[in-house]
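Chemist: Contents of entry_32.txt (compact mmCIF, C-alpha atoms) are given next:
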```
# COMPACT_ATOMS: atom_id res chain seq x y z
CA MET A 658 -7.85 -28.29 1.27
CA ALA A 659 -8.83 -28.90 4.90
CA GLY A 660 -7.92 -32.59 4.59
CA LEU A 661 -4.52 -31.68 3.24
CA ALA A 662 -3.93 -29.26 6.10
CA ALA A 663 -4.77 -31.97 8.61
CA SER A 664 -1.80 -34.05 7.53
CA GLY A 665 1.08 -33.87 9.97
CA SER A 666 3.59 -34.25 7.13
CA ASN A 667 2.28 -31.19 5.37
CA PRO A 668 5.07 -28.55 5.27
CA ASP A 669 2.38 -25.86 5.40
CA VAL A 670 1.32 -27.12 8.83
CA ASP A 671 4.90 -27.65 9.95
CA LEU A 672 5.80 -24.06 9.07
CA LEU A 673 2.65 -22.86 10.81
CA TYR A 674 3.73 -24.53 14.04
CA ASP A 675 7.31 -23.28 13.70
CA ILE A 676 6.28 -19.65 13.25
CA ASN A 677 3.40 -19.71 15.70
CA GLY A 678 5.65 -21.44 18.21
CA LEU A 679 7.59 -18.18 18.47
CA ALA A 680 4.50 -16.63 20.05
CA LYS A 681 4.57 -19.23 22.83
CA ASP A 682 8.17 -18.46 23.69
CA ALA A 683 7.82 -14.67 23.45
CA PRO A 684 6.90 -12.43 26.41
CA ARG A 685 3.23 -11.64 26.79
CA TRP A 686 3.74 -7.94 26.07
CA PHE A 687 5.48 -8.77 22.79
CA ASP A 688 2.54 -10.93 21.69
CA ARG A 689 0.19 -8.04 22.44
CA VAL A 690 2.33 -5.78 20.27
CA MET A 691 2.34 -8.34 17.45
CA GLU A 692 -1.43 -8.70 17.78
CA TYR A 693 -1.98 -4.98 17.28
CA VAL A 694 0.66 -4.67 14.55
CA GLY A 695 -0.66 -7.67 12.61
CA GLU A 696 -4.32 -6.74 12.95
CA TYR A 697 -4.22 -2.98 12.48
CA GLY A 698 -0.79 -1.38 12.70
CA LEU A 699 0.82 -2.46 9.44
CA LEU A 700 -2.27 -1.71 7.35
CA ILE A 701 -2.47 1.76 8.91
CA GLY A 702 1.24 2.17 8.23
CA LEU A 703 0.76 1.28 4.56
CA VAL A 704 -2.05 3.79 4.19
CA LEU A 705 0.10 6.48 5.81
CA LEU A 706 2.93 5.54 3.45
CA VAL A 707 0.65 6.13 0.46
CA VAL A 708 -0.37 9.50 1.93
CA TRP A 709 3.29 10.40 2.52
CA CYS A 710 4.15 9.54 -1.07
CA TRP A 711 1.22 11.64 -2.33
CA TRP A 712 2.39 14.59 -0.20
CA SER A 713 5.88 14.25 -1.63
CA VAL A 714 4.59 14.14 -5.22
CA ARG A 715 2.37 17.20 -4.88
CA ARG A 716 5.12 19.23 -3.18
CA ARG A 717 7.56 18.55 -6.01
CA GLY A 718 4.95 19.67 -8.54
CA GLU A 719 6.57 17.92 -11.51
CA ASP A 720 5.07 17.77 -14.98
CA ASP A 721 3.90 14.17 -14.48
CA ALA A 722 2.25 14.90 -11.11
CA ALA A 723 -1.20 13.96 -12.42
CA SER A 724 -0.08 10.52 -13.62
CA SER A 725 1.88 9.95 -10.39
CA VAL A 726 -1.13 10.78 -8.24
CA ALA A 727 -3.27 8.55 -10.47
CA GLY A 728 -0.93 5.67 -9.65
CA LEU A 729 -1.21 6.42 -5.95
CA VAL A 730 -5.01 6.52 -6.14
CA TRP A 731 -4.93 3.13 -7.85
CA ALA A 732 -3.08 1.52 -4.91
CA PRO A 733 -6.01 1.61 -2.42
CA LEU A 734 -8.48 0.90 -5.22
CA ALA A 735 -6.48 -2.20 -6.12
CA ALA A 736 -6.58 -3.33 -2.49
CA ALA A 737 -10.34 -2.90 -2.34
CA LEU A 738 -10.84 -4.73 -5.64
CA ALA A 739 -8.56 -7.58 -4.56
CA VAL A 740 -10.64 -8.10 -1.40
CA LEU A 741 -13.80 -8.26 -3.51
CA VAL A 742 -12.17 -10.86 -5.77
CA ASN A 743 -11.28 -12.84 -2.64
CA VAL A 744 -14.92 -13.19 -1.57
CA PRO A 745 -15.83 -15.89 -4.13
CA ILE A 746 -12.42 -17.54 -3.69
CA ARG A 747 -13.02 -17.99 0.02
CA GLY A 748 -16.50 -19.31 -0.60
CA PHE A 749 -15.22 -21.82 -3.15
CA VAL A 750 -12.24 -23.14 -1.16
CA GLU A 751 -13.94 -23.07 2.27
CA ARG A 752 -10.75 -23.68 4.20
CA PRO A 753 -11.24 -23.53 7.99
CA ARG A 754 -8.97 -21.45 10.18
CA PRO A 755 -5.90 -23.41 11.33
CA PHE A 756 -6.91 -23.34 15.00
CA ASN A 757 -10.11 -25.22 14.10
CA ASP A 758 -8.18 -28.23 12.74
CA HIS A 759 -5.00 -28.17 14.81
CA GLN A 760 -4.43 -28.25 18.52
CA GLY A 761 -1.78 -26.43 20.50
CA LEU A 762 -1.67 -23.19 18.51
CA GLU A 763 -1.16 -19.88 20.30
CA VAL A 764 -4.06 -17.85 18.86
CA LEU A 765 -3.54 -14.16 19.58
CA VAL A 766 -6.83 -12.94 18.08
CA ALA A 767 -10.00 -14.75 19.10
CA GLY A 768 -13.36 -14.69 17.35
CA LYS A 769 -12.20 -15.43 13.79
CA SER A 770 -15.03 -17.51 12.34
CA ASP A 771 -14.70 -16.92 8.59
CA TYR A 772 -12.67 -19.01 6.16
CA SER A 773 -8.90 -18.88 6.04
CA PHE A 774 -7.87 -18.97 2.35
CA VAL A 775 -6.85 -16.47 1.21
CA SER A 776 -5.79 -13.95 3.84
CA ASP A 777 -7.56 -10.60 3.46
CA HIS A 778 -4.82 -8.81 5.41
CA ALA A 779 -2.07 -10.23 3.19
CA THR A 780 -4.09 -9.41 0.07
CA ILE A 781 -4.70 -5.80 1.09
CA ALA A 782 -1.13 -5.25 2.26
CA MET A 783 0.51 -6.60 -0.89
CA ALA A 784 -1.93 -4.82 -3.21
CA LEU A 785 -1.07 -1.55 -1.47
CA GLY A 786 2.65 -2.29 -1.57
CA VAL A 787 2.75 -3.32 -5.23
CA GLY A 788 0.42 -0.51 -6.27
CA LEU A 789 2.70 1.93 -4.49
CA PHE A 790 5.74 0.36 -6.17
CA VAL A 791 4.20 0.95 -9.59
CA ALA A 792 3.80 4.63 -8.74
CA ASN A 793 7.07 5.16 -6.84
CA ARG A 794 9.91 2.64 -6.55
CA LYS A 795 11.40 3.94 -3.29
CA PHE A 796 8.14 4.09 -1.36
CA GLY A 797 6.98 0.88 -3.03
CA LEU A 798 9.92 -1.15 -1.74
CA ILE A 799 9.10 -0.01 1.78
CA GLY A 800 5.46 -0.92 1.19
CA ILE A 801 6.30 -4.41 -0.05
CA GLY A 802 8.53 -4.91 2.98
CA LEU A 803 5.64 -3.98 5.28
CA ALA A 804 3.35 -6.36 3.36
CA LEU A 805 5.79 -9.25 3.87
CA LEU A 806 5.90 -8.43 7.58
CA GLU A 807 2.09 -8.43 7.63
CA GLY A 808 2.06 -11.95 6.20
CA PHE A 809 4.49 -13.16 8.84
CA CYS A 810 2.36 -11.61 11.58
CA ARG A 811 -0.79 -13.42 10.39
CA VAL A 812 0.93 -16.80 10.74
CA TYR A 813 2.59 -15.77 14.02
CA MET A 814 -0.84 -14.89 15.39
CA GLY A 815 -2.14 -18.37 14.56
CA VAL A 816 -5.01 -17.18 12.35
CA HIS A 817 -3.65 -18.22 8.92
CA TYR A 818 -1.64 -20.94 7.26
CA PRO A 819 1.48 -19.82 5.37
CA THR A 820 -0.24 -20.75 2.09
CA ASP A 821 -3.13 -18.45 3.01
CA VAL A 822 -0.62 -15.62 3.15
CA ILE A 823 1.14 -16.65 -0.06
CA GLY A 824 -2.23 -16.80 -1.81
CA GLY A 825 -3.01 -13.31 -0.54
CA PHE A 826 0.32 -12.02 -1.80
CA ALA A 827 -0.33 -13.54 -5.22
CA LEU A 828 -3.86 -12.16 -5.43
CA GLY A 829 -2.88 -8.66 -4.34
CA THR A 830 0.07 -8.58 -6.72
CA ALA A 831 -1.97 -9.86 -9.68
CA VAL A 832 -4.74 -7.30 -9.24
CA ALA A 833 -2.37 -4.38 -8.65
CA LEU A 834 -0.10 -5.22 -11.62
CA LEU A 835 -2.45 -6.61 -14.26
CA LEU A 836 -5.08 -3.91 -13.89
CA SER A 837 -2.66 -1.04 -13.37
CA PRO A 838 -2.38 0.01 -17.07
CA PRO A 839 -6.13 0.40 -17.72
CA ALA A 840 -6.70 1.86 -14.25
CA THR A 841 -4.05 4.56 -14.63
CA ALA A 842 -5.23 5.25 -18.17
CA LEU A 843 -8.67 6.02 -16.76
CA LEU A 844 -7.50 7.84 -13.64
CA THR A 845 -4.85 10.08 -15.22
CA PRO A 846 -7.34 12.25 -17.21
CA VAL A 847 -9.41 12.60 -14.04
CA MET A 848 -6.36 13.72 -12.05
CA SER A 849 -5.39 16.11 -14.88
CA ALA A 850 -8.86 17.67 -14.77
CA ILE A 851 -8.58 18.07 -11.00
CA GLU A 852 -5.14 19.63 -11.45
CA ARG A 853 -6.58 22.28 -13.80
CA SER A 854 -9.46 23.12 -11.48
CA SER A 855 -9.20 26.10 -9.17
CA ARG A 856 -10.52 24.29 -6.11
CA GLY A 857 -8.96 20.83 -6.42
CA GLY A 858 -5.66 21.68 -8.04
CA TRP A 859 -3.85 21.61 -4.67
CA LEU A 860 -4.53 17.87 -4.49
CA ILE A 861 -2.18 17.31 -7.43
CA ARG A 862 0.34 20.14 -7.05
CA ALA A 863 1.21 22.36 -4.12
CA ARG A 864 0.05 25.96 -4.52
CA GLY A 865 2.53 28.07 -6.41
CA ARG A 866 4.09 25.06 -8.18
CA SER A 867 1.65 24.69 -11.07
CA GLY A 868 3.80 26.21 -13.79
CA ALA A 869 4.75 29.07 -11.47
CA GLY A 870 8.41 28.13 -11.56
CA GLU A 871 8.54 28.60 -15.30
CA GLN A 872 6.85 31.99 -15.07
CA ASP A 873 9.23 33.11 -12.33
CA ALA A 874 12.15 32.12 -14.53
CA LEU A 875 10.85 34.09 -17.48
CA ILE A 876 9.70 37.27 -15.76
CA PRO A 877 13.08 38.30 -14.30
CA GLY A 878 14.71 37.69 -17.68
CA ALA A 879 12.10 39.81 -19.41
CA ARG A 880 12.66 42.62 -16.91
CA LYS A 881 16.42 42.38 -17.47
CA GLU A 882 16.03 42.54 -21.26
CA SER A 883 13.68 45.52 -20.92
CA ALA A 884 16.15 47.35 -18.66
CA GLU A 885 19.02 46.71 -21.09
CA ALA A 886 16.95 47.98 -24.00
CA GLY A 887 16.09 51.13 -22.06
CA ALA A 888 19.75 51.73 -21.24
CA GLU A 889 20.70 51.39 -24.91
CA GLU A 890 18.03 53.88 -25.90
CA ARG A 891 19.33 56.39 -23.36
CA ASP A 892 22.87 55.95 -24.63
CA LEU A 893 21.75 56.59 -28.21
CA ALA A 894 19.81 59.66 -27.15
CA ALA A 895 22.87 61.02 -25.37
```
When written as structure tokens, how does the structure in this file appear?
Modeler:
Amino acid sequence: MAGLAASGSNPDVDLLYDINGLAKDAPRWFDRVMEYVGEYGLLIGLVLLVVWCWWSVRRRGEDDAASSVAGLVWAPLAAALAVLVNVPIRGFVERPRPFNDHQGLEVLVAGKSDYSFVSDHATIAMALGVGLFVANRKFGLIGIGLALLEGFCRVYMGVHYPTDVIGGFALGTAVALLLSPPATALLTPVMSAIERSSRGGWLIRARGRSGAGEQDALIPGARKESAEAGAEERDLAA
């Protein structure tokens, strides 16, 4: 893999220089922004997006809230599992970071000494995005968009080859999609049990939305029927 990357005719290397070359032409402040966004900002944004989606689900308090929350719980679990799967992959491929084999790169983050393939950041980001998409299409599309931007940032920063990012996207997607059915099948009963509990029910539905709407709809009707019956009785008595 390293020998292949060393070839000047390799499109992977050519694309690396093209994207990373943007960092050389950009203002210094913009590179600092990209450094923070690519290293921390987008991952934090994806986590906040999952939290936002969870808040939206629990506020609506729909009948399938437990299964929806189970899908949202699976998203970060899929990201963590994908990173664990990446550990033996990195050890097997042993691909050096691009700045170790190629000169003239603008490296925005120093001190990266581990292997390059596949990108942990791209893996985590896409696993979160795809896992979120399985649970909620609207939020998931935003998450996948942020994951794609994360991949671009890793190449822009000079710490990954484009194929490192593509490999991370593939790994994150595979784990999030292929394991989603058994994961949600296991997590949904757990979320349903939490929903029924008196202390943890608020995690699944907002207070006052756990069947309360149905009761509120029935109680006024019952009072109305009772009042009508009482009026009829008074008319008969008269």
Chemist: I need the residue nearest Ile851 in chain A from this list: A:Pro684, A:Leu699, A:Ala722, A:Val704. Use only C-alpha atoms for the distance.
Modeler: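 For Ile851 in chain A, the nearest of the given residues is A:Ala722.
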Chemist: Smallest atom-to-atom distance to Arg715 in chain A: which of A:Val832, A:Val775, A:Ile861, A:Ala736, using all atoms listed in the file?
Modeler: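 Smallest separation from Arg715 in chain A among the options: A:Ile861.
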Chemist: What separation in Å, quoted to one decimal, exists between CA of Ala784 in chain A and CA of Ala732 in chain A?
Modeler: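 CA of Ala732 in chain A lies 6.7 Å from CA of Ala784 in chain A.
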Chemist: For range 803-807 of chain A, please output as a list in words all residues within 7 Å (counting only C-alpha atoms; exclusion window: fewer than 4 positions along the same chain).
Modeler: Gly695, Leu699, Ala779, Ala782, Met783, Gly786, Ile799 and Arg811 of chain A
Chemist: Please report as a tab-separated table every residue of range 712-746 of chain A lying within 7 Å of range 833-846 of chain A, along with the nearest atom pair and their distance in Å (one decimal), using only C-alpha atoms.
Modeler:
```
residue	atom	partner	partner_atom	distance
A:Ala723	CA	A:Thr845	CA	6.0
A:Ser724	CA	A:Thr845	CA	5.1
A:Ala727	CA	A:Thr845	CA	5.2
A:Gly728	CA	A:Thr841	CA	6.0
A:Trp731	CA	A:Ala840	CA	6.8
A:Ala735	CA	A:Ala833	CA	5.3
```
Chemist: Would you mind telling me which residue in A:Ser776, A:Arg853, A:Ala792, A:Glu763 lies nearest to Asp682 in chain A when using all atoms listed in the file?
Modeler: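 Closest to Asp682 in chain A, using all atoms listed in the file: A:Glu763.
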Chemist: Skipping near chain neighbours, those fewer than 3 positions away, what residues fall within 10 Å of Phe774 in chain A using only C-alpha atoms, listed as a list in words?
Modeler: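 Near neighbours after the sequence-gap exclusion: Met658, Asn743, Val744, Ile746, Arg747, Gly748, Phe749, Val750, Glu751, Arg752, Pro753, Arg754, Asp771, Asp777, His817, Tyr818, Pro819, Thr820, Asp821, Val822, Ile823, Gly824 and Gly825 of chain A.
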Chemist: Might you pull out every residue within 9 Å of range 856-860 of chain A, with all atoms listed in the file counted and same-chain residues fewer than 4 positions away left off, and present them as a list of chain:residue names?
Modeler: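 That gives A:Trp711, A:Trp712, A:Arg715, A:Val726, A:Met848, A:Ser849, A:Ala850, A:Ile851, A:Glu852, A:Arg864, A:Ser867.
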Chemist: How far is it from CA of Pro755 in chain A to CA of Leu672 in chain A, in Å with one decimal?
Modeler: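 Answer for the CA of Pro755 in chain A to CA of Leu672 in chain A separation: 11.9 Å.
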Chemist: Please define a box with edges along x, y and z of the file around all atoms of range 812-831 of chain A given in the file, extend it by 3 Å on each side, and return its centre and edge lengths in Å to one decimal, as lines of an AutoDock Vina configuration file.
Modeler:
```
center_x = -1.2
center_y = -14.8
center_z = 2.9
size_x = 13.6
size_y = 18.4
size_z = 31.1
```
Chemist: Could you state the separation of CA of Gly702 in chain A and CA of Ile801 in chain A in Å, given to one decimal place?
Modeler: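 Calculated distance between CA of Gly702 in chain A and CA of Ile801 in chain A is 11.7 Å.
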Chemist: Out of A:Leu706, A:Thr780, A:Arg717, A:Pro668, which residue has the shortest atom-to-atom distance to Ala831 in chain A when counting all atoms listed in the file?
Modeler: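 Of A:Leu706, A:Thr780, A:Arg717, A:Pro668, the one nearest Ala831 in chain A, counting all atoms listed in the file, is A:Thr780.
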Chemist: Grab range 662-683 of chain A from that structure and dump N, CA, C and O atoms to a file, as a PDB file, in the first residue's frame.
Modeler:
```pdb
ATOM      1  N   ALA A 662       1.306   4.177  -2.911  1.00  0.00           N
ATOM      2  CA  ALA A 662       1.110   5.600  -2.636  1.00  0.00           C
ATOM      3  C   ALA A 662       2.298   6.435  -3.059  1.00  0.00           C
ATOM      4  O   ALA A 662       2.179   7.622  -3.329  1.00  0.00           O
ATOM      5  N   ALA A 663       3.483   5.810  -3.124  1.00  0.00           N
ATOM      6  CA  ALA A 663       4.682   6.545  -3.472  1.00  0.00           C
ATOM      7  C   ALA A 663       4.744   6.875  -4.954  1.00  0.00           C
ATOM      8  O   ALA A 663       5.531   7.694  -5.392  1.00  0.00           O
ATOM      9  N   SER A 664       3.937   6.219  -5.751  1.00  0.00           N
ATOM     10  CA  SER A 664       3.958   6.445  -7.184  1.00  0.00           C
ATOM     11  C   SER A 664       3.363   7.805  -7.516  1.00  0.00           C
ATOM     12  O   SER A 664       2.266   8.138  -7.103  1.00  0.00           O
ATOM     13  N   GLY A 665       4.092   8.578  -8.350  1.00  0.00           N
ATOM     14  CA  GLY A 665       3.597   9.889  -8.701  1.00  0.00           C
ATOM     15  C   GLY A 665       2.391   9.844  -9.610  1.00  0.00           C
ATOM     16  O   GLY A 665       1.674  10.825  -9.753  1.00  0.00           O
ATOM     17  N   SER A 666       2.188   8.708 -10.312  1.00  0.00           N
ATOM     18  CA  SER A 666       1.060   8.583 -11.220  1.00  0.00           C
ATOM     19  C   SER A 666      -0.194   8.074 -10.519  1.00  0.00           C
ATOM     20  O   SER A 666      -1.225   7.882 -11.158  1.00  0.00           O
ATOM     21  N   ASN A 667      -0.099   7.860  -9.245  1.00  0.00           N
ATOM     22  CA  ASN A 667      -1.236   7.355  -8.491  1.00  0.00           C
ATOM     23  C   ASN A 667      -2.276   8.463  -8.333  1.00  0.00           C
ATOM     24  O   ASN A 667      -1.986   9.515  -7.756  1.00  0.00           O
ATOM     25  N   PRO A 668      -3.511   8.264  -8.823  1.00  0.00           N
ATOM     26  CA  PRO A 668      -4.530   9.325  -8.680  1.00  0.00           C
ATOM     27  C   PRO A 668      -4.850   9.642  -7.227  1.00  0.00           C
ATOM     28  O   PRO A 668      -5.301  10.748  -6.926  1.00  0.00           O
ATOM     29  N   ASP A 669      -4.635   8.673  -6.332  1.00  0.00           N
ATOM     30  CA  ASP A 669      -4.857   8.928  -4.913  1.00  0.00           C
ATOM     31  C   ASP A 669      -3.930  10.032  -4.420  1.00  0.00           C
ATOM     32  O   ASP A 669      -4.338  10.950  -3.705  1.00  0.00           O
ATOM     33  N   VAL A 670      -2.654   9.944  -4.836  1.00  0.00           N
ATOM     34  CA  VAL A 670      -1.670  10.954  -4.446  1.00  0.00           C
ATOM     35  C   VAL A 670      -1.937  12.278  -5.160  1.00  0.00           C
ATOM     36  O   VAL A 670      -1.817  13.356  -4.558  1.00  0.00           O
ATOM     37  N   ASP A 671      -2.313  12.187  -6.420  1.00  0.00           N
ATOM     38  CA  ASP A 671      -2.605  13.416  -7.171  1.00  0.00           C
ATOM     39  C   ASP A 671      -3.757  14.185  -6.524  1.00  0.00           C
ATOM     40  O   ASP A 671      -3.697  15.417  -6.375  1.00  0.00           O
ATOM     41  N   LEU A 672      -4.806  13.468  -6.145  1.00  0.00           N
ATOM     42  CA  LEU A 672      -5.951  14.116  -5.503  1.00  0.00           C
ATOM     43  C   LEU A 672      -5.570  14.661  -4.132  1.00  0.00           C
ATOM     44  O   LEU A 672      -6.061  15.721  -3.714  1.00  0.00           O
ATOM     45  N   LEU A 673      -4.699  13.953  -3.435  1.00  0.00           N
ATOM     46  CA  LEU A 673      -4.204  14.439  -2.148  1.00  0.00           C
ATOM     47  C   LEU A 673      -3.533  15.800  -2.307  1.00  0.00           C
ATOM     48  O   LEU A 673      -3.822  16.743  -1.557  1.00  0.00           O
ATOM     49  N   TYR A 674      -2.645  15.912  -3.305  1.00  0.00           N
ATOM     50  CA  TYR A 674      -1.955  17.176  -3.516  1.00  0.00           C
ATOM     51  C   TYR A 674      -2.907  18.274  -3.973  1.00  0.00           C
ATOM     52  O   TYR A 674      -2.744  19.452  -3.601  1.00  0.00           O
ATOM     53  N   ASP A 675      -3.903  17.917  -4.781  1.00  0.00           N
ATOM     54  CA  ASP A 675      -4.858  18.918  -5.258  1.00  0.00           C
ATOM     55  C   ASP A 675      -5.670  19.500  -4.100  1.00  0.00           C
ATOM     56  O   ASP A 675      -5.847  20.720  -4.004  1.00  0.00           O
ATOM     57  N   ILE A 676      -6.166  18.610  -3.235  1.00  0.00           N
ATOM     58  CA  ILE A 676      -6.998  19.083  -2.123  1.00  0.00           C
ATOM     59  C   ILE A 676      -6.151  19.776  -1.070  1.00  0.00           C
ATOM     60  O   ILE A 676      -6.501  20.847  -0.565  1.00  0.00           O
ATOM     61  N   ASN A 677      -5.035  19.167  -0.717  1.00  0.00           N
ATOM     62  CA  ASN A 677      -4.168  19.768   0.293  1.00  0.00           C
ATOM     63  C   ASN A 677      -3.553  21.072  -0.201  1.00  0.00           C
ATOM     64  O   ASN A 677      -3.224  21.953   0.610  1.00  0.00           O
ATOM     65  N   GLY A 678      -3.410  21.204  -1.521  1.00  0.00           N
ATOM     66  CA  GLY A 678      -2.874  22.438  -2.074  1.00  0.00           C
ATOM     67  C   GLY A 678      -3.758  23.634  -1.785  1.00  0.00           C
ATOM     68  O   GLY A 678      -3.277  24.776  -1.754  1.00  0.00           O
ATOM     69  N   LEU A 679      -5.055  23.390  -1.547  1.00  0.00           N
ATOM     70  CA  LEU A 679      -5.958  24.486  -1.179  1.00  0.00           C
ATOM     71  C   LEU A 679      -5.549  25.107   0.150  1.00  0.00           C
ATOM     72  O   LEU A 679      -5.755  26.299   0.373  1.00  0.00           O
ATOM     73  N   ALA A 680      -4.976  24.283   1.038  1.00  0.00           N
ATOM     74  CA  ALA A 680      -4.549  24.795   2.343  1.00  0.00           C
ATOM     75  C   ALA A 680      -3.370  25.758   2.197  1.00  0.00           C
ATOM     76  O   ALA A 680      -3.227  26.701   2.984  1.00  0.00           O
ATOM     77  N   LYS A 681      -2.523  25.521   1.191  1.00  0.00           N
ATOM     78  CA  LYS A 681      -1.385  26.420   0.979  1.00  0.00           C
ATOM     79  C   LYS A 681      -1.831  27.784   0.485  1.00  0.00           C
ATOM     80  O   LYS A 681      -1.226  28.809   0.806  1.00  0.00           O
ATOM     81  N   ASP A 682      -2.874  27.792  -0.330  1.00  0.00           N
ATOM     82  CA  ASP A 682      -3.346  29.045  -0.910  1.00  0.00           C
ATOM     83  C   ASP A 682      -4.307  29.799   0.005  1.00  0.00           C
ATOM     84  O   ASP A 682      -4.571  30.980  -0.229  1.00  0.00           O
ATOM     85  N   ALA A 683      -4.844  29.128   1.017  1.00  0.00           N
ATOM     86  CA  ALA A 683      -5.841  29.749   1.890  1.00  0.00           C
ATOM     87  C   ALA A 683      -5.165  30.626   2.943  1.00  0.00           C
ATOM     88  O   ALA A 683      -4.002  30.413   3.296  1.00  0.00           O
TER      89      ALA A 683
END
```
